[in-house]
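Containing compact mmCIF, C-alpha atoms and all ligand atoms: final-v5.txt.
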# COMPACT_ATOMS: atom_id res chain seq x y z
CA MET A 1 0.84 25.30 -16.68
CA ILE A 2 -0.98 25.04 -19.95
CA LYS A 3 0.03 23.13 -23.07
CA ALA A 4 -1.87 23.40 -26.34
CA VAL A 5 -2.07 20.62 -28.91
CA VAL A 6 -2.95 22.07 -32.30
CA GLY A 7 -2.63 21.24 -35.99
CA ALA A 8 -0.20 22.78 -38.51
CA ASN A 9 -2.09 21.81 -41.63
CA TRP A 10 -5.64 21.06 -42.80
CA GLY A 11 -6.60 18.91 -39.81
CA ASP A 12 -6.34 15.14 -39.31
CA GLU A 13 -2.69 15.45 -38.32
CA GLY A 14 -3.13 13.05 -35.40
CA LYS A 15 -3.90 15.58 -32.64
CA GLY A 16 -6.22 13.09 -30.94
CA LYS A 17 -3.45 10.56 -30.50
CA ILE A 18 -0.98 13.16 -29.22
CA THR A 19 -3.58 14.60 -26.81
CA ASP A 20 -4.51 11.13 -25.55
CA MET A 21 -0.82 10.44 -25.00
CA LEU A 22 -0.03 13.74 -23.26
CA ALA A 23 -3.19 13.42 -21.17
CA GLN A 24 -1.43 10.74 -19.13
CA GLU A 25 0.37 13.59 -17.40
CA ALA A 26 -2.38 16.21 -17.46
CA ASP A 27 -5.16 16.96 -15.00
CA ILE A 28 -7.59 18.78 -17.26
CA ILE A 29 -8.22 18.62 -21.02
CA VAL A 30 -10.15 21.43 -22.63
CA ARG A 31 -11.80 21.73 -26.04
CA PHE A 32 -11.79 25.42 -26.89
CA GLN A 33 -13.25 25.77 -30.40
CA GLY A 34 -15.08 23.93 -33.16
CA GLY A 35 -17.89 21.48 -32.87
CA ALA A 36 -18.96 18.04 -33.96
CA ASN A 37 -17.87 18.74 -37.55
CA ALA A 38 -14.47 17.07 -37.32
CA GLY A 39 -13.25 14.11 -35.40
CA HIS A 40 -10.24 12.57 -33.77
CA THR A 41 -9.43 8.90 -34.00
CA ILE A 42 -7.86 7.40 -30.93
CA VAL A 43 -6.51 3.92 -30.42
CA ASN A 44 -5.86 2.87 -26.83
CA ASP A 45 -6.40 0.05 -24.35
CA TYR A 46 -10.18 0.32 -24.69
CA GLY A 47 -10.19 0.01 -28.48
CA LYS A 48 -10.52 2.43 -31.36
CA PHE A 49 -12.71 5.50 -30.98
CA ALA A 50 -13.81 8.35 -33.23
CA LEU A 51 -14.48 11.34 -31.01
CA HIS A 52 -16.19 14.46 -32.32
CA THR A 53 -17.06 16.56 -29.31
CA LEU A 54 -15.55 14.82 -26.29
CA PRO A 55 -12.03 15.95 -25.45
CA SER A 56 -9.40 13.28 -26.14
CA GLY A 57 -8.64 13.01 -22.42
CA VAL A 58 -11.81 11.11 -21.56
CA PHE A 59 -10.05 7.77 -21.37
CA TYR A 60 -8.30 8.37 -18.07
CA ASP A 61 -9.63 8.22 -14.51
CA HIS A 62 -7.49 11.08 -13.33
CA THR A 63 -8.51 13.72 -15.90
CA THR A 64 -11.38 16.16 -16.11
CA SER A 65 -12.68 16.87 -19.61
CA VAL A 66 -13.91 20.37 -20.22
CA ILE A 67 -16.02 22.00 -22.92
CA GLY A 68 -14.90 25.61 -23.11
CA ASN A 69 -16.98 28.63 -24.05
CA GLY A 70 -15.48 28.70 -27.57
CA VAL A 71 -17.01 25.37 -28.59
CA ALA A 72 -20.13 24.92 -30.73
CA LEU A 73 -21.86 22.53 -28.35
CA ASN A 74 -24.29 20.07 -29.87
CA ILE A 75 -25.84 18.69 -26.70
CA PRO A 76 -27.53 15.52 -28.03
CA VAL A 77 -24.41 14.58 -30.03
CA PHE A 78 -22.21 15.22 -27.00
CA PHE A 79 -24.24 12.93 -24.74
CA LYS A 80 -24.62 10.25 -27.40
CA GLU A 81 -20.85 10.14 -27.67
CA TYR A 82 -20.47 10.17 -23.88
CA ASN A 83 -22.84 7.20 -23.52
CA GLU A 84 -21.11 5.26 -26.28
CA VAL A 85 -17.73 5.65 -24.62
CA VAL A 86 -19.12 4.48 -21.27
CA GLU A 87 -20.94 1.54 -22.90
CA ARG A 88 -17.63 0.38 -24.34
CA GLY A 89 -16.12 0.06 -20.88
CA VAL A 90 -14.40 3.41 -20.36
CA PRO A 91 -14.94 4.65 -16.75
CA ALA A 92 -17.56 7.46 -16.74
CA PRO A 93 -15.49 10.53 -17.64
CA LYS A 94 -15.58 13.58 -15.37
CA ILE A 95 -16.91 16.37 -17.54
CA LEU A 96 -17.59 20.07 -17.14
CA ILE A 97 -19.42 22.30 -19.59
CA SER A 98 -18.98 26.04 -19.69
CA ASP A 99 -22.05 28.07 -18.79
CA ARG A 100 -20.93 30.43 -21.57
CA ALA A 101 -20.62 27.76 -24.26
CA GLN A 102 -23.20 28.32 -26.95
CA MET A 103 -25.48 25.59 -28.20
CA VAL A 104 -25.90 24.30 -31.72
CA MET A 105 -29.64 24.75 -32.21
CA PRO A 106 -31.70 22.22 -34.19
CA TYR A 107 -32.24 24.86 -36.89
CA HIS A 108 -28.50 25.47 -37.34
CA ILE A 109 -28.19 22.01 -38.82
CA LEU A 110 -31.18 22.65 -41.12
CA PHE A 111 -29.79 25.98 -42.29
CA ASP A 112 -26.44 24.35 -43.03
CA GLN A 113 -28.18 21.76 -45.25
CA TYR A 114 -30.43 24.31 -46.94
CA GLU A 115 -27.53 26.63 -47.72
CA GLU A 116 -25.45 23.80 -49.19
CA GLU A 117 -28.43 22.82 -51.34
CA ARG A 118 -28.90 26.41 -52.45
CA LEU A 119 -25.20 26.86 -53.34
CA ALA A 120 -25.14 23.46 -55.03
CA GLY A 121 -21.80 23.16 -56.88
CA LYS A 122 -20.43 26.35 -55.30
CA SER A 123 -20.64 25.09 -51.72
CA PHE A 124 -17.85 25.32 -49.15
CA GLY A 125 -17.82 21.59 -48.52
CA SER A 126 -19.58 21.91 -45.19
CA THR A 127 -20.05 18.78 -43.08
CA LYS A 128 -23.61 20.03 -42.45
CA SER A 129 -23.23 19.91 -38.68
CA GLY A 130 -24.60 23.42 -38.32
CA ILE A 131 -21.24 24.93 -37.48
CA ALA A 132 -21.23 27.88 -39.91
CA PRO A 133 -24.82 28.98 -39.07
CA PHE A 134 -23.97 28.53 -35.39
CA TYR A 135 -20.98 30.86 -35.47
CA SER A 136 -22.82 33.34 -37.72
CA ASP A 137 -25.53 33.58 -35.07
CA LYS A 138 -22.99 33.81 -32.27
CA TYR A 139 -21.40 36.88 -33.82
CA ALA A 140 -24.77 38.28 -34.93
CA LYS A 141 -25.59 38.07 -31.20
CA ILE A 142 -28.58 35.83 -31.60
CA GLY A 143 -26.90 32.67 -30.29
CA PHE A 144 -27.90 30.88 -27.09
CA GLN A 145 -25.51 30.25 -24.21
CA VAL A 146 -25.98 27.19 -22.01
CA SER A 147 -26.70 29.55 -19.10
CA GLU A 148 -29.80 30.83 -20.91
CA LEU A 149 -31.49 27.44 -20.47
CA PHE A 150 -31.93 28.32 -16.83
CA ASP A 151 -34.13 31.40 -17.34
CA GLU A 152 -37.16 29.93 -19.06
CA LYS A 153 -39.15 33.14 -19.45
CA ALA A 154 -36.33 35.04 -21.12
CA LEU A 155 -35.47 32.00 -23.22
CA LYS A 156 -39.03 31.75 -24.58
CA GLU A 157 -39.12 35.43 -25.49
CA LYS A 158 -35.78 35.29 -27.25
CA LEU A 159 -36.77 32.15 -29.14
CA ILE A 160 -39.87 33.87 -30.51
CA ARG A 161 -37.76 36.82 -31.67
CA VAL A 162 -35.08 34.66 -33.29
CA CYS A 163 -37.63 32.41 -35.01
CA GLU A 164 -39.25 35.47 -36.57
CA THR A 165 -36.09 36.37 -38.46
CA LYS A 166 -35.22 32.75 -39.27
CA ASN A 167 -38.70 32.18 -40.66
CA VAL A 168 -38.35 35.02 -43.14
CA LEU A 169 -35.35 33.24 -44.64
CA LEU A 170 -37.03 29.86 -44.52
CA GLU A 171 -40.09 31.14 -46.29
CA HIS A 172 -38.57 33.41 -48.91
CA LEU A 173 -35.02 32.19 -49.51
CA TYR A 174 -35.13 28.46 -48.86
CA HIS A 175 -38.86 27.67 -49.30
CA LYS A 176 -38.81 25.27 -46.40
CA PRO A 177 -41.12 24.57 -43.41
CA LEU A 178 -41.16 27.31 -40.74
CA LEU A 179 -39.81 27.01 -37.20
CA ASN A 180 -42.13 26.71 -34.23
CA PRO A 181 -40.65 28.37 -31.12
CA ASP A 182 -42.73 26.20 -28.75
CA GLU A 183 -41.30 23.02 -30.23
CA ILE A 184 -37.77 24.35 -30.01
CA PHE A 185 -38.39 25.38 -26.40
CA GLU A 186 -39.46 21.81 -25.53
CA GLU A 187 -36.32 20.46 -27.16
CA LEU A 188 -34.17 22.91 -25.22
CA MET A 189 -35.77 21.75 -21.98
CA GLU A 190 -34.53 18.24 -22.85
CA TYR A 191 -31.07 19.70 -23.47
CA LYS A 192 -31.26 21.38 -20.07
CA LYS A 193 -31.88 18.07 -18.29
CA MET A 194 -28.86 16.59 -20.02
CA VAL A 195 -26.37 19.38 -19.29
CA ALA A 196 -27.55 20.62 -15.88
CA PRO A 197 -25.28 18.38 -13.76
CA TYR A 198 -22.16 19.48 -15.64
CA VAL A 199 -22.56 23.23 -16.10
CA CYS A 200 -19.90 25.37 -14.49
CA ASP A 201 -17.97 28.62 -14.68
CA VAL A 202 -15.12 27.04 -16.63
CA SER A 203 -12.91 30.11 -16.73
CA LEU A 204 -12.98 30.39 -12.94
CA TYR A 205 -12.46 26.64 -12.55
CA LEU A 206 -9.36 26.79 -14.76
CA TRP A 207 -8.06 29.90 -12.99
CA ASN A 208 -8.23 28.08 -9.66
CA ALA A 209 -6.73 24.93 -11.17
CA LEU A 210 -3.76 26.96 -12.42
CA LYS A 211 -3.24 28.42 -8.95
CA GLU A 212 -3.15 24.87 -7.59
CA GLY A 213 -0.43 23.96 -10.08
CA LYS A 214 -2.62 21.69 -12.20
CA GLU A 215 -1.58 20.78 -15.73
CA ILE A 216 -4.04 21.77 -18.42
CA LEU A 217 -4.12 20.63 -22.05
CA LEU A 218 -5.93 22.65 -24.67
CA GLU A 219 -7.03 20.45 -27.55
CA GLY A 220 -7.44 22.08 -30.93
CA GLN A 221 -9.55 20.87 -33.81
CA LEU A 222 -8.54 21.06 -37.48
CA GLY A 223 -5.35 23.01 -38.26
CA SER A 224 -3.78 26.38 -39.06
CA LEU A 225 -4.84 26.34 -42.71
CA LYS A 226 -8.50 26.11 -41.71
CA ASP A 227 -8.29 29.16 -39.45
CA PRO A 228 -10.79 31.85 -40.55
CA ASP A 229 -8.12 34.60 -40.42
CA HIS A 230 -4.86 32.88 -41.26
CA GLY A 231 -6.11 29.94 -43.31
CA ILE A 232 -7.24 29.47 -46.90
CA TYR A 233 -10.29 31.73 -46.61
CA PRO A 234 -13.11 31.10 -47.50
CA MET A 235 -12.42 27.34 -47.46
CA VAL A 236 -11.91 27.50 -43.73
CA THR A 237 -13.79 26.58 -40.61
CA SER A 238 -15.84 29.06 -38.59
CA SER A 239 -13.82 29.33 -35.39
CA SER A 240 -10.13 29.98 -34.88
CA THR A 241 -7.99 26.85 -34.89
CA LEU A 242 -4.96 28.62 -33.40
CA ALA A 243 -3.45 28.06 -29.97
CA ALA A 244 -3.84 31.77 -29.22
CA TYR A 245 -7.60 31.33 -29.43
CA GLY A 246 -7.27 28.74 -26.66
CA ALA A 247 -6.96 31.63 -24.24
CA ILE A 248 -10.33 32.96 -25.36
CA GLY A 249 -12.19 29.73 -26.03
CA ALA A 250 -11.23 28.34 -22.63
CA GLY A 251 -11.06 31.64 -20.75
CA VAL A 252 -7.47 31.39 -19.52
CA PRO A 253 -4.63 33.94 -19.41
CA PRO A 254 -2.70 33.84 -22.71
CA TYR A 255 0.65 34.02 -20.88
CA GLU A 256 -0.10 30.72 -19.13
CA ILE A 257 0.09 28.80 -22.43
CA LYS A 258 3.74 27.79 -22.11
CA LYS A 259 3.99 25.01 -24.65
CA ILE A 260 2.41 24.90 -28.08
CA ILE A 261 2.72 21.43 -29.53
CA THR A 262 1.93 21.65 -33.19
CA VAL A 263 1.05 18.37 -34.82
CA CYS A 264 2.34 17.95 -38.34
CA LYS A 265 1.75 14.88 -40.48
CA ALA A 266 4.64 13.34 -42.46
CA TYR A 267 2.60 13.72 -45.66
CA SER A 268 -0.44 15.86 -46.47
CA SER A 269 -4.16 15.20 -46.50
CA ALA A 270 -7.14 17.52 -46.66
CA VAL A 271 -10.89 17.28 -46.72
CA GLY A 272 -13.23 19.62 -48.51
CA ALA A 273 -12.50 22.04 -51.30
CA GLY A 274 -9.70 24.62 -51.53
CA ALA A 275 -6.20 24.99 -52.94
CA PHE A 276 -3.92 22.10 -52.03
CA VAL A 277 -0.61 22.71 -53.76
CA SER A 278 1.19 19.42 -53.09
CA GLU A 279 -1.87 17.30 -53.95
CA ILE A 280 -1.35 14.02 -55.79
CA PHE A 281 -3.86 12.03 -57.81
CA GLY A 282 -4.53 8.65 -59.35
CA GLU A 283 -2.91 5.43 -58.21
CA GLU A 284 -0.15 7.29 -56.34
CA ALA A 285 -2.78 9.05 -54.21
CA ASP A 286 -4.92 5.94 -53.80
CA GLU A 287 -2.03 3.96 -52.43
CA LEU A 288 -1.08 6.63 -49.88
CA ARG A 289 -4.76 7.00 -48.91
CA ARG A 290 -5.13 3.25 -48.41
CA ARG A 291 -1.97 2.98 -46.34
CA GLY A 292 -2.40 6.29 -44.52
CA GLY A 293 -3.42 6.99 -40.93
CA ASP A 294 -4.67 3.89 -39.19
CA GLY A 295 -6.80 2.03 -41.71
CA GLY A 296 -6.81 4.62 -44.47
CA GLU A 297 -7.34 8.34 -44.86
CA TYR A 298 -11.10 8.72 -44.63
CA GLY A 299 -12.85 11.45 -42.62
CA ALA A 300 -13.52 10.45 -38.99
CA THR A 301 -16.88 12.24 -39.06
CA THR A 302 -17.97 11.99 -42.67
CA GLY A 303 -16.18 8.90 -44.01
CA ARG A 304 -15.23 11.01 -47.05
CA PRO A 305 -11.98 9.97 -48.76
CA ARG A 306 -9.35 12.59 -47.93
CA ARG A 307 -7.38 14.36 -50.64
CA MET A 308 -3.74 13.31 -50.48
CA GLY A 309 -0.43 15.04 -51.09
CA TRP A 310 3.28 15.05 -50.31
CA PHE A 311 4.60 16.88 -47.27
CA ASP A 312 4.36 20.62 -47.87
CA CYS A 313 7.22 22.54 -46.22
CA VAL A 314 5.77 25.92 -47.25
CA ALA A 315 2.34 25.30 -45.74
CA SER A 316 3.78 23.58 -42.67
CA LYS A 317 6.37 26.28 -41.93
CA TYR A 318 3.56 28.83 -42.07
CA GLY A 319 1.16 26.58 -40.14
CA CYS A 320 3.73 26.18 -37.34
CA ARG A 321 4.54 29.89 -37.28
CA VAL A 322 0.95 31.09 -36.93
CA GLN A 323 0.41 28.61 -34.11
CA GLY A 324 3.41 29.98 -32.18
CA THR A 325 4.93 26.51 -32.08
CA THR A 326 7.36 25.52 -29.34
CA ASP A 327 7.43 21.82 -30.30
CA VAL A 328 6.48 19.89 -33.40
CA ALA A 329 4.98 16.41 -33.10
CA PHE A 330 5.69 14.75 -36.45
CA THR A 331 3.14 11.99 -37.00
CA VAL A 332 2.30 9.02 -39.17
CA LEU A 333 5.90 8.67 -40.30
CA ASP A 334 5.57 4.88 -40.36
CA VAL A 335 3.14 5.09 -43.29
CA LEU A 336 5.85 6.35 -45.66
CA GLY A 337 7.88 3.15 -45.19
CA TYR A 338 6.60 1.65 -48.46
CA LEU A 339 8.17 4.31 -50.69
CA GLU A 340 11.52 3.99 -52.48
CA GLU A 341 11.62 7.74 -52.93
CA ILE A 342 9.64 10.47 -51.21
CA PRO A 343 8.87 13.77 -52.92
CA VAL A 344 8.59 16.79 -50.63
CA CYS A 345 7.16 20.18 -51.61
CA VAL A 346 9.86 22.74 -50.78
CA GLY A 347 8.55 25.83 -52.57
CA TYR A 348 5.69 27.29 -54.57
CA GLU A 349 6.06 28.63 -58.06
CA ILE A 350 3.67 31.53 -58.56
CA ASP A 351 3.71 33.48 -61.83
CA GLY A 352 7.21 32.19 -62.58
CA GLU A 353 8.66 33.12 -59.18
CA ILE A 354 9.57 30.68 -56.45
CA THR A 355 8.64 31.41 -52.88
CA THR A 356 8.79 29.55 -49.57
CA GLU A 357 6.27 31.87 -47.89
CA PHE A 358 2.63 30.84 -47.82
CA PRO A 359 0.53 33.31 -49.83
CA THR A 360 -3.07 34.55 -49.64
CA THR A 361 -5.79 32.49 -51.28
CA ALA A 362 -5.88 34.10 -54.75
CA LEU A 363 -2.13 33.54 -55.21
CA LEU A 364 -2.30 30.12 -53.63
CA GLU A 365 -4.74 29.04 -56.35
CA LYS A 366 -1.99 29.75 -58.91
CA ALA A 367 0.84 28.04 -57.01
CA LYS A 368 2.58 25.01 -58.46
CA PRO A 369 4.66 22.76 -56.21
CA VAL A 370 8.45 22.75 -56.36
CA LEU A 371 9.36 19.20 -55.39
CA GLU A 372 12.58 17.74 -54.05
CA VAL A 373 12.86 13.96 -53.95
CA LEU A 374 14.41 12.31 -50.88
CA PRO A 375 15.42 8.65 -50.66
CA GLY A 376 12.95 6.47 -48.76
CA TRP A 377 13.91 4.02 -46.01
CA ASN A 378 11.74 1.26 -47.38
CA CYS A 379 11.06 -0.65 -44.19
CA ASP A 380 8.68 -0.77 -41.26
CA ILE A 381 9.65 1.60 -38.43
CA ARG A 382 6.81 0.71 -36.06
CA GLY A 383 7.99 -0.44 -32.66
CA ILE A 384 11.19 1.65 -32.72
CA THR A 385 11.46 3.75 -29.57
CA LYS A 386 14.81 5.53 -29.95
CA TYR A 387 15.59 8.16 -32.54
CA GLU A 388 19.04 6.69 -33.22
CA ASP A 389 17.43 3.36 -34.09
CA LEU A 390 15.48 4.83 -37.01
CA PRO A 391 16.96 4.07 -40.45
CA GLU A 392 19.36 6.75 -41.63
CA ASN A 393 17.16 7.89 -44.52
CA CYS A 394 14.24 8.21 -42.14
CA ARG A 395 16.26 10.46 -39.82
CA LYS A 396 17.39 12.44 -42.85
CA TYR A 397 13.75 12.95 -43.84
CA VAL A 398 12.89 14.22 -40.34
CA GLU A 399 15.92 16.52 -40.25
CA PHE A 400 15.24 17.83 -43.76
CA VAL A 401 11.67 18.74 -42.81
CA GLU A 402 12.80 20.26 -39.53
CA GLU A 403 15.32 22.45 -41.30
CA LYS A 404 12.75 23.61 -43.88
CA ILE A 405 9.98 24.41 -41.39
CA GLY A 406 12.30 25.96 -38.83
CA PHE A 407 10.70 24.52 -35.68
CA PRO A 408 12.06 21.67 -33.52
CA ILE A 409 10.57 18.22 -34.03
CA THR A 410 10.66 16.86 -30.49
CA MET A 411 8.22 13.97 -30.93
CA ILE A 412 7.87 11.46 -33.75
CA SER A 413 4.82 9.26 -33.93
CA ASN A 414 5.42 5.92 -35.65
CA GLY A 415 2.09 4.20 -35.10
CA PRO A 416 -1.45 4.98 -33.96
CA GLY A 417 -1.08 3.63 -30.41
CA ARG A 418 -0.37 5.59 -27.25
CA ASN A 419 3.14 4.21 -26.95
CA ASP A 420 4.15 4.56 -30.57
CA ILE A 421 6.21 7.65 -29.90
CA ILE A 422 9.87 8.63 -30.14
CA TYR A 423 11.02 11.61 -28.09
CA ARG A 424 13.91 13.70 -29.28
CA ASN A 425 15.69 16.03 -26.92
CA LYS A 426 16.23 19.36 -28.59
P1 LIG B 1 -6.84 14.50 -35.62
O1 LIG B 1 -8.13 15.06 -36.05
O2 LIG B 1 -5.70 15.46 -35.80
O3 LIG B 1 -6.88 13.92 -34.26
O4 LIG B 1 -6.49 13.31 -36.63
P2 LIG B 1 -7.39 12.05 -37.04
O5 LIG B 1 -7.69 11.26 -35.86
O6 LIG B 1 -8.53 12.45 -37.89
O7 LIG B 1 -6.39 11.30 -38.04
C1 LIG B 1 -5.27 10.72 -37.62
C2 LIG B 1 -5.31 9.25 -37.98
O8 LIG B 1 -4.03 8.74 -37.97
C3 LIG B 1 -6.08 8.39 -36.99
O9 LIG B 1 -6.66 7.30 -37.66
C4 LIG B 1 -5.00 7.92 -36.03
O10 LIG B 1 -5.30 6.69 -35.37
C5 LIG B 1 -3.87 7.74 -36.96
N1 LIG B 1 -2.55 7.99 -36.41
C6 LIG B 1 -2.13 8.96 -35.55
N2 LIG B 1 -0.80 8.92 -35.41
C7 LIG B 1 -0.36 7.90 -36.20
C8 LIG B 1 0.92 7.37 -36.50
O11 LIG B 1 1.95 7.83 -36.05
N3 LIG B 1 0.95 6.32 -37.40
C9 LIG B 1 -0.16 5.79 -37.98
N4 LIG B 1 -0.02 4.79 -38.81
N5 LIG B 1 -1.38 6.28 -37.72
C10 LIG B 1 -1.47 7.31 -36.84

Would you put the structure from the file into structure tokens?
Amino acid sequence: MIKAVVGANWGDEGKGKITDMLAQEADIIVRFQGGANAGHTIVNDYGKFALHTLPSGVFYDHTTSVIGNGVALNIPVFFKEYNEVVERGVPAPKILISDRAQMVMPYHILFDQYEEERLAGKSFGSTKSGIAPFYSDKYAKIGFQVSELFDEKALKEKLIRVCETKNVLLEHLYHKPLLNPDEIFEELMEYKKMVAPYVCDVSLYLWNALKEGKEILLEGQLGSLKDPDHGIYPMVTSSSTLAAYGAIGAGVPPYEIKKIITVCKAYSSAVGAGAFVSEIFGEEADELRRRGGDGGEYGATTGRPRRMGWFDCVASKYGCRVQGTTDVAFTVLDVLGYLEEIPVCVGYEIDGEITTEFPTTALLEKAKPVLEVLPGWNCDIRGITKYEDLPENCRKYVEFVEEKIGFPITMISNGPGRNDIIYRNK
């Protein structure tokens, strides 16, 4: 059976921790979209890790970590991360890389930088990892699959063709040095040496694993609101962040995805530009940022301070719905323990009307938050393992959110560690 772990919001909900935790009982963990542009922070027996491309299941002996065809695979970054994990004492993870995964090319990263420079103040807040140029090329059908590394003649010819078109842009739009296909070819031959031992037909591998009754986890990156179709377009990422895309980005039957665990953070944070209705500012935001996550709310990949806000029931209800949520994992609840009172965004006021349905981007830009203030619990809830043992106001907060979003909260995370989890039977 397949379970997906995905985000309800803007990313950074704590998917890495939930995946790491659920991986104890899984056989295979698959990344199915995205690239090295976002990261997961994981705290476990080996220490604290920021993973960008490795699936969050790499810390166990019994799991196989898989890069699905939907991923933007940056080969040098992937192996750098792999080596770092091993150097820090984690047993060499078993990894498989889809022969259909496409590679982030050295020029994708350059184009990302050049485009951000060109757009200057009007940029999309890219992390400059080459992800947007990568997916543009994929859908323009000039991307390179891992399997193409193994036909050198065809690869060379295609590189010459692709460089011709790229060089027109470099010369006339960006005024930057031109690409040399021979140099890129040499670099790709290095990539080939690195990936060769791990390349496999992932879709077939997963099909057989399912027949053998293996448990598979699909690990999403970012969250619903960054989905290119259902998110806050154009301030979105370039590949679908939804569990449904797991079927495509891993190559598995959609009907096998039986559980969709949507990770929702007990307050809001976002990176990059875009409407963020429940955003807070000033000292109030600074304090939540400092206390947030595990050591503050700063991007795992970029180190950028995250934008902060109160929990947004409108965005989260929508985020859970578009994921097809079966279970909500409600995370980082412990962080709110310092507050006497906790505002929650329960509606949006748009042109004088109040709605609880998440609108399209143009309307979202006009939305003002409708806040309801709940009493805080004002104590530390770390270490509590039973739902009944949580302070009453804390349970009320959970139940209030659950009622507003309309999906069952079956897991509550009250600390960054693997065992900081409270299960609720629903
Ligand atoms: P992801 O991209 O969804 O995996 O999220 P990130 O790893 O970027 O951000 C989550 C941050 O919160 C990390 O620093 C985690 O260690 C931390 N974290 C996860 N769950 C909890 C929790 O329940 N409590 C606290 N205090 N920190 C948590």

Between A:Lys48, A:Tyr174, A:Phe185, A:Val398, which residue has the minimum interatomic distance to A:Leu119, considering only C-alpha atoms? A:Tyr174

Pick from A:Thr19, A:Gln33, A:Ser203, A:Ser278 nearest to ligand LIG 1 (chain B), counting all atoms listed in the file: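 Looking at the shortest contact to ligand LIG 1 (chain B), the residue is A:Thr19.
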
Find the residues near stretch 246-262 of chain A: any atom within 8 Å, counting only C-alpha atoms, skip ones fewer than 4 places away on the same chain, and give them as JSON, numbers by chain. {"A": [1, 2, 3, 4, 5, 6, 7, 8, 30, 31, 32, 33, 67, 68, 69, 70, 71, 202, 203, 206, 207, 218, 220, 242, 320, 323, 324, 325, 326, 327, 328, 329]}

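Taking all atoms listed in the file into account, ligand LIG 1 (chain B) lies nearest to A:Ile381 out of the set A:Ile109, A:Val104, A:Ile381, A:Ala92.
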
What do you get as a short mmCIF file (atom, residue, chain, number, x, y, z; two decimals) with C-alpha atoms, in the frame of the given file if you pick all residues at most 6 Å from ligand LIG 1 (chain B), counting only C-alpha atoms and all ligand atoms?
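Output contents, as saved in out-v4.cif:
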data_model
loop_
_atom_site.label_atom_id
_atom_site.label_comp_id
_atom_site.auth_asym_id
_atom_site.auth_seq_id
_atom_site.Cartn_x
_atom_site.Cartn_y
_atom_site.Cartn_z
CA GLY A 11 -6.60 18.91 -39.81
CA ASP A 12 -6.34 15.14 -39.31
CA GLU A 13 -2.69 15.45 -38.32
CA GLY A 14 -3.13 13.05 -35.40
CA LYS A 15 -3.90 15.58 -32.64
CA GLY A 16 -6.22 13.09 -30.94
CA LYS A 17 -3.45 10.56 -30.50
CA GLY A 39 -13.25 14.11 -35.40
CA HIS A 40 -10.24 12.57 -33.77
CA THR A 41 -9.43 8.90 -34.00
CA ILE A 42 -7.86 7.40 -30.93
CA VAL A 43 -6.51 3.92 -30.42
CA GLY A 293 -3.42 6.99 -40.93
CA ASP A 294 -4.67 3.89 -39.19
CA ALA A 300 -13.52 10.45 -38.99
CA THR A 331 3.14 11.99 -37.00
CA VAL A 332 2.30 9.02 -39.17
CA LEU A 333 5.90 8.67 -40.30
CA ASP A 334 5.57 4.88 -40.36
CA VAL A 335 3.14 5.09 -43.29
CA SER A 413 4.82 9.26 -33.93
CA ASN A 414 5.42 5.92 -35.65
CA GLY A 415 2.09 4.20 -35.10
CA PRO A 416 -1.45 4.98 -33.96
#

Contacts of A:Pro133 at 7 Å or less, counting only C-alpha atoms, minus same-chain residues fewer than 6 places along, as a ChimeraX atom specification? /A:108,111-112

Starting from the point (-5.9, -0.7, -25.2), work out which residues of protein, DNA or RNA have an atom no more than 12 Å away when counting all atoms listed in the file; state them as an NGL selection string. :A and (20 or 42-49 or 59-60 or 88-90 or 416-419)

Pick from A:Thr361, A:Glu388, A:Asn393, A:Gly130, whichever lies nearest to A:Pro375 using only C-alpha atoms: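 For A:Pro375, the nearest of the given residues is A:Asn393.
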
Quick one: residues within 12 Å of A:His175, all atoms listed in the file, excluding same-chain residues fewer than 6 positions away - as a VMD selection string? chain A and resid 111 114 to 115 117 to 118 166 to 169

Could you name the residues that touch A:Gln102 at 7 Å or less, counting only C-alpha atoms, but leaving out those on the same chain fewer than 6 positions away, as an MDAnalysis selection string? chainID A and resid 69 72:73 143:146

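Minimum atom-to-atom distance to A:Thr410, evaluated using all atoms listed in the file, belongs to A:Asn425 out of A:Gln221, A:Thr63, A:Asn425, A:Ser239.
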
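Going from atom CA of A:Ser65 over to atom CA of A:Glu212, you cover 17.3 Å.
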
Tell me which residues come within 12 Å of (-14.6, 27.7, -41.9), as an MDAnalysis selection string, counting all atoms listed in the file in the file's coordinates. chainID A and resid 10 33:35 37:38 123:128 130:136 221:241 272:274

Shell around A:Val77 at 9 Å using all atoms listed in the file, local window under 6 positions removed, as a PyMOL selection string: chain A and resi 36+52-53
